Each structure stands twice: as C-alpha cells, then as structure tokens.
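Novice: query-v4.csv is reproduced below (CSV, C-alpha atoms).
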chain,number,residue,atom,x,y,z
L,1,MET,CA,1.7,19.6,-34.2
L,2,VAL,CA,4.0,17.9,-36.8
L,3,PRO,CA,7.7,17.3,-37.0
L,4,ALA,CA,9.6,19.6,-39.4
L,5,ILE,CA,12.9,18.7,-40.9
L,6,ALA,CA,15.2,21.5,-41.9
L,7,GLN,CA,17.6,20.6,-44.7
L,8,ASP,CA,20.3,22.8,-46.2
L,9,TYR,CA,18.9,23.6,-49.7
L,10,GLU,CA,22.4,23.6,-51.3
L,11,THR,CA,24.2,20.7,-49.7
L,12,GLY,CA,21.3,18.5,-48.7
L,13,LYS,CA,22.6,18.2,-45.2
L,14,VAL,CA,19.9,17.6,-42.6
L,15,LEU,CA,20.3,20.4,-40.0
L,16,MET,CA,17.7,19.7,-37.4
L,17,LEU,CA,14.3,18.4,-36.5
L,18,ALA,CA,11.8,20.4,-34.6
L,19,TYR,CA,8.0,20.8,-34.4
L,20,MET,CA,5.5,23.1,-35.9
L,21,ASN,CA,2.0,23.9,-34.8
L,22,LYS,CA,-0.5,25.8,-37.0
L,23,GLU,CA,0.8,29.2,-35.8
L,24,ALA,CA,4.4,28.3,-36.5
L,25,TRP,CA,3.4,27.0,-39.9
L,26,ALA,CA,1.5,30.2,-40.7
L,27,LEU,CA,4.3,32.4,-39.5
L,28,THR,CA,6.8,30.4,-41.6
L,29,LEU,CA,4.7,30.8,-44.7
L,30,SER,CA,4.0,34.5,-44.2
L,31,THR,CA,7.5,35.6,-43.3
L,32,GLY,CA,9.7,33.2,-45.3
L,33,ILE,CA,11.6,32.6,-42.1
L,34,VAL,CA,11.3,29.3,-40.3
L,35,HIS,CA,9.3,29.4,-37.0
L,36,TYR,CA,8.9,26.3,-34.8
L,37,TRP,CA,6.8,25.5,-31.8
L,38,SER,CA,9.1,25.0,-28.8
L,39,ARG,CA,7.7,22.0,-26.8
L,40,SER,CA,10.0,22.7,-23.9
L,41,ARG,CA,9.2,26.4,-23.7
L,42,GLY,CA,5.6,26.1,-24.8
L,43,LYS,CA,5.8,29.0,-27.2
L,44,ILE,CA,6.5,30.0,-30.8
L,45,TRP,CA,10.2,29.9,-31.5
L,46,LYS,CA,11.7,32.0,-34.3
L,47,LYS,CA,14.7,29.9,-35.0
L,48,GLY,CA,17.8,32.1,-34.6
L,49,GLU,CA,16.0,34.8,-32.6
L,50,THR,CA,18.9,34.8,-30.1
L,51,SER,CA,21.9,33.7,-32.2
L,52,GLY,CA,20.9,35.5,-35.4
L,53,ASN,CA,21.2,32.1,-37.2
L,54,ILE,CA,17.8,32.3,-38.8
L,55,GLN,CA,16.6,29.9,-41.5
L,56,GLU,CA,15.3,31.4,-44.7
L,57,VAL,CA,12.8,29.2,-46.5
L,58,ARG,CA,13.8,28.0,-50.0
L,59,GLU,CA,11.4,25.1,-50.5
L,60,ILE,CA,8.6,23.4,-48.5
L,61,ARG,CA,7.5,19.8,-49.0
L,62,VAL,CA,4.8,17.8,-47.2
L,63,ASP,CA,4.8,14.1,-46.8
L,64,CYS,CA,2.3,11.6,-48.1
L,65,ASP,CA,0.4,11.4,-44.8
L,66,ASN,CA,0.3,15.2,-44.3
L,67,ASP,CA,2.0,14.7,-40.9
L,68,SER,CA,5.5,15.8,-41.5
L,69,VAL,CA,7.2,18.7,-43.2
L,70,LEU,CA,10.5,19.0,-45.0
L,71,ILE,CA,11.8,22.6,-45.3
L,72,LYS,CA,14.8,23.4,-47.4
L,73,VAL,CA,16.5,26.4,-46.0
L,74,LYS,CA,19.4,28.8,-46.2
L,75,GLN,CA,21.0,28.5,-42.8
L,76,VAL,CA,22.2,32.0,-41.9
L,77,GLY,CA,25.5,31.9,-39.9
L,78,GLY,CA,26.1,28.4,-41.1
L,79,ALA,CA,25.1,26.7,-37.8
L,80,ALA,CA,21.7,25.4,-36.9
L,81,CYS,CA,22.6,23.7,-33.6
L,82,HIS,CA,22.6,25.6,-30.3
L,83,ASP,CA,25.7,23.5,-29.4
L,84,GLY,CA,27.6,25.4,-32.1
L,85,TYR,CA,27.6,22.9,-34.9
L,86,GLN,CA,26.3,23.1,-38.4
L,87,SER,CA,23.8,20.3,-37.8
L,88,CYS,CA,22.1,19.1,-34.6
L,89,PHE,CA,23.0,15.6,-35.9
L,90,TYR,CA,26.7,16.2,-35.2
L,91,ARG,CA,27.2,12.8,-33.6
L,92,LYS,CA,27.5,9.5,-35.4
L,93,LEU,CA,27.0,6.1,-33.9
L,94,GLU,CA,30.3,4.2,-34.1
L,95,MET,CA,30.6,0.8,-32.5
L,96,GLY,CA,27.8,1.6,-30.1
L,97,THR,CA,29.2,5.1,-29.1
L,98,LEU,CA,28.2,8.5,-30.3
L,99,GLU,CA,31.2,10.3,-31.8
L,100,VAL,CA,31.3,14.0,-32.7
L,101,ASP,CA,32.5,14.3,-36.3
L,102,GLU,CA,31.7,17.9,-37.0
L,103,LYS,CA,33.7,21.0,-36.2
L,104,LYS,CA,32.1,23.7,-34.0
L,105,ILE,CA,31.2,26.9,-35.9
L,106,PHE,CA,30.7,28.9,-32.8
L,107,GLU,CA,31.1,28.6,-29.1
L,108,PRO,CA,27.6,28.6,-27.4
L,109,GLY,CA,28.9,30.6,-24.4
L,110,ASN,CA,29.8,33.5,-26.6
L,111,ILE,CA,26.3,33.6,-28.1
L,112,TYR,CA,23.9,32.7,-25.4
L,113,GLY,CA,25.9,33.8,-22.4
L,114,VAL,CA,27.5,31.8,-19.6
L,115,GLY,CA,25.6,28.9,-18.2
L,116,LYS,CA,23.7,28.1,-21.3
U,1,MET,CA,9.4,7.0,-29.1
U,2,VAL,CA,11.4,9.4,-31.3
U,3,PRO,CA,11.1,10.5,-34.9
U,4,ALA,CA,13.5,9.0,-37.3
U,5,ILE,CA,14.5,10.6,-40.6
U,6,ALA,CA,15.6,8.3,-43.4
U,7,GLN,CA,17.9,9.9,-45.9
U,8,ASP,CA,19.5,8.4,-49.0
U,9,TYR,CA,23.2,7.9,-48.1
U,10,GLU,CA,24.3,8.7,-51.6
U,11,THR,CA,22.1,11.5,-52.9
U,12,GLY,CA,21.2,13.1,-49.5
U,13,LYS,CA,17.5,13.0,-50.5
U,14,VAL,CA,15.2,12.9,-47.5
U,15,LEU,CA,13.1,9.8,-48.1
U,16,MET,CA,10.6,9.7,-45.1
U,17,LEU,CA,10.0,10.4,-41.5
U,18,ALA,CA,8.6,7.7,-39.2
U,19,TYR,CA,9.0,6.7,-35.5
U,20,MET,CA,11.1,4.3,-33.5
U,21,ASN,CA,10.5,2.9,-30.1
U,22,LYS,CA,13.2,1.0,-28.2
U,23,GLU,CA,12.4,-2.2,-29.8
U,24,ALA,CA,12.5,-0.7,-33.4
U,25,TRP,CA,15.8,0.9,-32.5
U,26,ALA,CA,17.3,-2.4,-31.2
U,27,LEU,CA,16.1,-4.3,-34.2
U,28,THR,CA,17.5,-1.7,-36.5
U,29,LEU,CA,20.9,-1.9,-34.8
U,30,SER,CA,21.0,-5.7,-34.6
U,31,THR,CA,19.8,-6.4,-38.1
U,32,GLY,CA,21.2,-3.4,-40.1
U,33,ILE,CA,17.7,-3.1,-41.7
U,34,VAL,CA,15.5,-0.2,-40.7
U,35,HIS,CA,12.6,-1.0,-38.4
U,36,TYR,CA,10.1,1.5,-37.3
U,37,TRP,CA,7.2,1.6,-34.8
U,38,SER,CA,3.9,2.0,-36.7
U,39,ARG,CA,1.8,4.3,-34.7
U,40,SER,CA,-1.3,3.5,-36.8
U,41,ARG,CA,-1.0,-0.2,-36.5
U,42,GLY,CA,0.6,-0.2,-33.1
U,43,LYS,CA,3.3,-2.7,-33.9
U,44,ILE,CA,6.9,-3.0,-35.2
U,45,TRP,CA,7.2,-2.3,-38.8
U,46,LYS,CA,10.0,-3.7,-40.9
U,47,LYS,CA,10.0,-1.1,-43.6
U,48,GLY,CA,9.6,-2.9,-46.9
U,49,GLU,CA,8.2,-6.1,-45.4
U,50,THR,CA,5.4,-6.1,-48.1
U,51,SER,CA,7.0,-4.3,-51.0
U,52,GLY,CA,10.5,-5.6,-50.6
U,53,ASN,CA,11.7,-2.0,-50.5
U,54,ILE,CA,13.8,-2.4,-47.3
U,55,GLN,CA,16.2,0.2,-46.1
U,56,GLU,CA,19.8,-0.9,-45.3
U,57,VAL,CA,21.5,1.1,-42.7
U,58,ARG,CA,24.6,2.9,-43.8
U,59,GLU,CA,25.0,5.5,-41.0
U,60,ILE,CA,23.1,6.5,-37.8
U,61,ARG,CA,23.2,9.9,-36.3
U,62,VAL,CA,21.5,11.2,-33.1
U,63,ASP,CA,20.6,14.8,-32.5
U,64,CYS,CA,21.8,17.1,-29.7
U,65,ASP,CA,18.8,16.5,-27.5
U,66,ASN,CA,18.8,12.7,-28.0
U,67,ASP,CA,15.2,12.9,-29.2
U,68,SER,CA,15.5,12.4,-32.9
U,69,VAL,CA,17.5,10.1,-35.2
U,70,LEU,CA,18.9,10.5,-38.7
U,71,ILE,CA,19.5,7.3,-40.6
U,72,LYS,CA,21.4,7.2,-43.9
U,73,VAL,CA,20.2,4.3,-45.8
U,74,LYS,CA,20.4,2.4,-49.1
U,75,GLN,CA,16.8,2.3,-50.3
U,76,VAL,CA,16.3,-1.0,-51.9
U,77,GLY,CA,14.0,-0.8,-54.9
U,78,GLY,CA,14.6,3.0,-55.1
U,79,ALA,CA,11.2,3.9,-53.6
U,80,ALA,CA,10.5,4.6,-49.9
U,81,CYS,CA,6.9,5.8,-50.2
U,82,HIS,CA,3.9,3.5,-50.2
U,83,ASP,CA,2.4,5.8,-52.8
U,84,GLY,CA,5.1,4.6,-55.2
U,85,TYR,CA,7.5,7.5,-55.1
U,86,GLN,CA,11.1,7.7,-54.2
U,87,SER,CA,10.4,10.0,-51.3
U,88,CYS,CA,7.3,10.5,-49.1
U,89,PHE,CA,8.0,14.2,-49.6
U,90,TYR,CA,7.0,14.0,-53.3
U,91,ARG,CA,4.9,17.1,-53.0
U,92,LYS,CA,6.2,20.6,-53.0
U,93,LEU,CA,4.3,23.7,-51.9
U,94,GLU,CA,3.8,26.0,-54.8
U,95,MET,CA,1.7,29.2,-54.4
U,96,GLY,CA,-0.2,27.6,-51.6
U,97,THR,CA,-0.9,24.3,-53.4
U,98,LEU,CA,0.9,20.9,-53.1
U,99,GLU,CA,2.2,19.9,-56.4
U,100,VAL,CA,3.7,16.5,-57.2
U,101,ASP,CA,7.1,16.9,-58.8
U,102,GLU,CA,8.5,13.3,-58.6
U,103,LYS,CA,7.8,10.4,-60.9
U,104,LYS,CA,6.3,7.2,-59.7
U,105,ILE,CA,8.7,4.3,-59.4
U,106,PHE,CA,6.0,1.7,-58.9
U,107,GLU,CA,2.2,1.5,-58.9
U,108,PRO,CA,1.0,0.8,-55.4
U,109,GLY,CA,-1.9,-1.4,-56.7
U,110,ASN,CA,0.6,-3.8,-58.2
U,111,ILE,CA,2.5,-4.2,-55.0
U,112,TYR,CA,0.0,-4.0,-52.2
U,113,GLY,CA,-3.1,-5.3,-54.0
U,114,VAL,CA,-6.3,-3.6,-55.1
U,115,GLY,CA,-7.9,-1.2,-52.7
U,116,LYS,CA,-4.6,-0.2,-51.0
What is this file in structure tokens?

Specialist:
Amino acid sequence: MVPAIAQDYETGKVLMLAYMNKEAWALTLSTGIVHYWSRSRGKIWKKGETSGNIQEVREIRVDCDNDSVLIKVKQVGGAACHDGYQSCFYRKLEMGTLEVDEKKIFEPGNIYGVGK
Amino acid sequence: MVPAIAQDYETGKVLMLAYMNKEAWALTLSTGIVHYWSRSRGKIWKKGETSGNIQEVREIRVDCDNDSVLIKVKQVGGAACHDGYQSCFYRKLEMGTLEVDEKKIFEPGNIYGVGK
C-alpha cells in the first residue's frame, strides 16, 4: 500500500492524499478513474462513487523510491473533499491555529444525507 | 506518523512525499526548515542536511482527517530529490513504462560521494 497524491492537472492544486493497494492501482490504470484503498472501511473506494465527484486520470507519476504516487486528475464536480471543499487541505496553519481559507463547493448533508 | 507532501510554493510542483512524526513536526514549526522522520534510518532527518538543499517553510496545511500535511516550501538549490532532480516524481507513466521527463539539476555522486 502506498500513499497517492491527487493534484488538479490544470491548477496544480493538491486535492487530497489517500492510499492505493495493488487492486486500486490496477483499477485506476484500467478504468482511467482514480480508485483508492480505504483504510477505514477496508475496501476499494472509487473516489466519487457517492457524490459523483470522480477523478479522471490525466497523468501518473511515481517517486524515486517507488513508494508513492502522484496522480494529476480532472476533479469532476470541482470538489475532492467530503467536507465540501475543493481540496482536503482547506485549512492553513496560522499562528498555531488551523484556519479555513477555502469556500465550500457543496454542503455534505445534501450529498451524503443527514448525519454524515 | 503522517505523510507530508512538499510542494514548491511558487510553481505548485509537487517535490516529494516523506513522513513526519511529532518531533519532526515540532522541529519544522520551531525552525521554519522542513524536518522529516526517516523511516529507513529511524531518525530525524533535516532535509538537505548533506546536500544543502533545505526546504524553507512558506505555508503549512493539514487535511480534513488530520492525517496528512501539505507544506509549501522554498526549495533551496532547486532540487528536492537525492537522485538530482527537482522533484522525486521525475518519472511519468507512459504506456506502462516509467519515463524520466525532468532534467538533472545535480549529479548525486558529486554531492553524496561515490557509491551513493
């Protein structure tokens, strides 16, 4: 299992970091749609399977040690984060505090249902 | 221990992925110079301690699950990778093969000594 960074292929914005196992890697290559391995759910996770915000592969890069992956994607729906933001890194450290400095693209309650 | 992505603060280029433990995180915050935890060497690793190619912190972001970090840096010397390239992700997957599509900034043998 290796960490995979998803980066917007046009803006260069880093959208998220998740993990891939061999199956997720193979599915990503064969479908052109990013699949991860969900560590919390213990199963393959087609990113966007619920929200529709899938990630289309534009470019795949592998690091020097072959233990991490950088995937440049087209982020469908404009938001990668299940909290409704473009990027999962929507908080910036400012004077020791994490401050949100992105605008929400969607309200998670509307997509995933109440209680999510 | 969490994965930390280093990204060039000006160009948005993803330079590398490494890991931070609490000590590396604290040192990074207190010094403004990126420190990682080297999993292979089992010790704190001030990036650039040998090559001089340190990373100056420009911005720190934390993801929605608090389990990965994105650090925007000024990459001193222009090269993050110990193989001599700007980015550790200097290879792109092309038709099932990893192809180098960056130019070397330095020759590792000149920096780290012969045999490295």

Novice: Could you please determine the separation between CA of Cys88 (chain U) and CA of Gly32 (chain L) in Å, to one decimal place?

Specialist: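 So the two atoms, CA of Cys88 (chain U) and CA of Gly32 (chain L), lie 23.1 Å apart.
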
Novice: Write out chain L, as a short mmCIF file (atom, residue, chain, number, x, y, z; two decimals) with C-alpha atoms, in the frame of the given file, after superposing it onto chain U by least squares using every C-alpha atom paired in order.

Specialist:
data_model
loop_
_atom_site.label_atom_id
_atom_site.label_comp_id
_atom_site.auth_asym_id
_atom_site.auth_seq_id
_atom_site.Cartn_x
_atom_site.Cartn_y
_atom_site.Cartn_z
CA MET L 1 9.33 7.01 -29.11
CA VAL L 2 11.39 9.40 -31.35
CA PRO L 3 11.08 10.54 -34.91
CA ALA L 4 13.54 8.93 -37.36
CA ILE L 5 14.51 10.51 -40.60
CA ALA L 6 15.62 8.25 -43.39
CA GLN L 7 17.97 9.90 -45.87
CA ASP L 8 19.45 8.37 -49.01
CA TYR L 9 23.16 7.93 -48.08
CA GLU L 10 24.33 8.67 -51.67
CA THR L 11 22.15 11.51 -52.84
CA GLY L 12 21.19 13.10 -49.55
CA LYS L 13 17.56 13.03 -50.46
CA VAL L 14 15.22 12.83 -47.47
CA LEU L 15 13.01 9.75 -48.06
CA MET L 16 10.66 9.66 -45.16
CA LEU L 17 9.98 10.31 -41.53
CA ALA L 18 8.68 7.71 -39.20
CA TYR L 19 8.98 6.75 -35.51
CA MET L 20 11.06 4.39 -33.55
CA ASN L 21 10.49 2.94 -30.13
CA LYS L 22 13.21 1.07 -28.17
CA GLU L 23 12.36 -2.26 -29.87
CA ALA L 24 12.51 -0.76 -33.34
CA TRP L 25 15.78 0.90 -32.47
CA ALA L 26 17.24 -2.37 -31.17
CA LEU L 27 16.04 -4.32 -34.16
CA THR L 28 17.54 -1.68 -36.50
CA LEU L 29 20.89 -1.88 -34.78
CA SER L 30 20.99 -5.68 -34.63
CA THR L 31 19.86 -6.40 -38.16
CA GLY L 32 21.24 -3.43 -40.13
CA ILE L 33 17.79 -3.08 -41.61
CA VAL L 34 15.59 -0.17 -40.63
CA HIS L 35 12.59 -1.07 -38.37
CA TYR L 36 10.04 1.56 -37.29
CA TRP L 37 7.22 1.58 -34.83
CA SER L 38 3.93 1.93 -36.73
CA ARG L 39 1.70 4.35 -34.70
CA SER L 40 -1.31 3.54 -36.80
CA ARG L 41 -0.90 -0.22 -36.58
CA GLY L 42 0.55 -0.26 -33.09
CA LYS L 43 3.30 -2.70 -33.96
CA ILE L 44 6.90 -3.01 -35.14
CA TRP L 45 7.15 -2.29 -38.83
CA LYS L 46 10.02 -3.69 -40.89
CA LYS L 47 10.07 -1.11 -43.58
CA GLY L 48 9.63 -2.88 -46.93
CA GLU L 49 8.25 -6.09 -45.40
CA THR L 50 5.46 -6.07 -48.02
CA SER L 51 7.02 -4.25 -50.99
CA GLY L 52 10.54 -5.65 -50.59
CA ASN L 53 11.80 -2.00 -50.52
CA ILE L 54 13.79 -2.43 -47.35
CA GLN L 55 16.25 0.17 -46.05
CA GLU L 56 19.75 -0.98 -45.30
CA VAL L 57 21.50 1.10 -42.66
CA ARG L 58 24.66 2.96 -43.78
CA GLU L 59 25.02 5.53 -41.02
CA ILE L 60 23.14 6.49 -37.81
CA ARG L 61 23.25 9.93 -36.21
CA VAL L 62 21.51 11.23 -33.08
CA ASP L 63 20.60 14.78 -32.46
CA CYS L 64 21.81 17.08 -29.74
CA ASP L 65 18.76 16.49 -27.53
CA ASN L 66 18.81 12.69 -27.98
CA ASP L 67 15.20 12.88 -29.26
CA SER L 68 15.54 12.39 -32.93
CA VAL L 69 17.43 10.06 -35.21
CA LEU L 70 18.86 10.52 -38.67
CA ILE L 71 19.51 7.23 -40.54
CA LYS L 72 21.34 7.19 -43.81
CA VAL L 73 20.19 4.28 -45.82
CA LYS L 74 20.39 2.37 -49.06
CA GLN L 75 16.82 2.36 -50.28
CA VAL L 76 16.29 -1.03 -51.92
CA GLY L 77 13.93 -0.78 -54.96
CA GLY L 78 14.55 2.91 -55.12
CA ALA L 79 11.18 3.92 -53.56
CA ALA L 80 10.51 4.57 -49.93
CA CYS L 81 6.92 5.85 -50.25
CA HIS L 82 3.94 3.48 -50.24
CA ASP L 83 2.40 5.83 -52.88
CA GLY L 84 5.11 4.66 -55.29
CA TYR L 85 7.51 7.54 -55.16
CA GLN L 86 11.13 7.70 -54.24
CA SER L 87 10.43 10.00 -51.28
CA CYS L 88 7.31 10.43 -49.13
CA PHE L 89 8.00 14.18 -49.59
CA TYR L 90 6.97 14.01 -53.25
CA ARG L 91 4.86 17.15 -53.07
CA LYS L 92 6.14 20.70 -53.01
CA LEU L 93 4.24 23.72 -51.85
CA GLU L 94 3.79 26.08 -54.82
CA MET L 95 1.71 29.19 -54.43
CA GLY L 96 -0.22 27.64 -51.58
CA THR L 97 -0.87 24.26 -53.41
CA LEU L 98 0.90 20.98 -53.07
CA GLU L 99 2.28 19.88 -56.44
CA VAL L 100 3.67 16.42 -57.20
CA ASP L 101 7.12 16.85 -58.76
CA GLU L 102 8.40 13.33 -58.60
CA LYS L 103 7.82 10.46 -60.98
CA LYS L 104 6.22 7.25 -59.63
CA ILE L 105 8.64 4.29 -59.42
CA PHE L 106 5.93 1.78 -58.95
CA GLU L 107 2.20 1.55 -58.96
CA PRO L 108 0.93 0.80 -55.36
CA GLY L 109 -1.89 -1.44 -56.67
CA ASN L 110 0.58 -3.81 -58.21
CA ILE L 111 2.47 -4.17 -54.92
CA TYR L 112 -0.03 -4.05 -52.17
CA GLY L 113 -3.06 -5.31 -54.03
CA VAL L 114 -6.28 -3.56 -55.04
CA GLY L 115 -7.84 -1.21 -52.58
CA LYS L 116 -4.69 -0.21 -50.88
#

Novice: I'd like the contact shell of Ala18 (chain L) - 7 Å cut-off, all atoms listed in the file, skipping same-chain residues fewer than 2 positions apart - returned as a VMD selection string.

Specialist: chain L and resid 3 to 5 16 20 36

Novice: Looking at L:Arg61, L:Lys104, L:His35, L:Lys72, which one is nearest to chain U, with distances taken over all atoms listed in the file?

Specialist: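 Closest to chain U, using all atoms listed in the file: L:Arg61.
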
Novice: So what do you get for CA of Val57 (chain U) versus CA of Leu93 (chain L), distance-wise?

Specialist: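 CA of Val57 (chain U) sits 11.5 Å away from CA of Leu93 (chain L).
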
Novice: Do you know which residues are at most 10 Å from region 105-113 of chain L counting only C-alpha atoms, after dropping those on the same chain fewer than 3 positions away, and could you put them as a list in words?

Specialist: Thr50, Ser51, Gly52, Gly77, Gly78, Ala79, Ala80, Cys81, His82, Asp83, Gly84, Tyr85, Gln86, Glu102 and Lys116 of chain L

Novice: How many Å separate CA of Lys13 (chain U) from CA of Ala26 (chain L)?

Specialist: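 Straight-line distance from CA of Lys13 (chain U) to CA of Ala26 (chain L) works out to 25.5 Å.
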
Novice: Pull out every residue of chain L sitting within 6 Å of chain U, counting all atoms listed in the file, and send them as JSON, numbers by chain.

Specialist: {"L": [12, 60, 61, 62, 63, 64, 88, 89, 91, 92, 93]}

Novice: Have a look at U:Val76, U:Ala6, U:Arg58, U:Asn21 and name the one nearest to Trp37 (chain U); count all atoms listed in the file.

Specialist: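 Closest to Trp37 (chain U), using all atoms listed in the file: U:Asn21.
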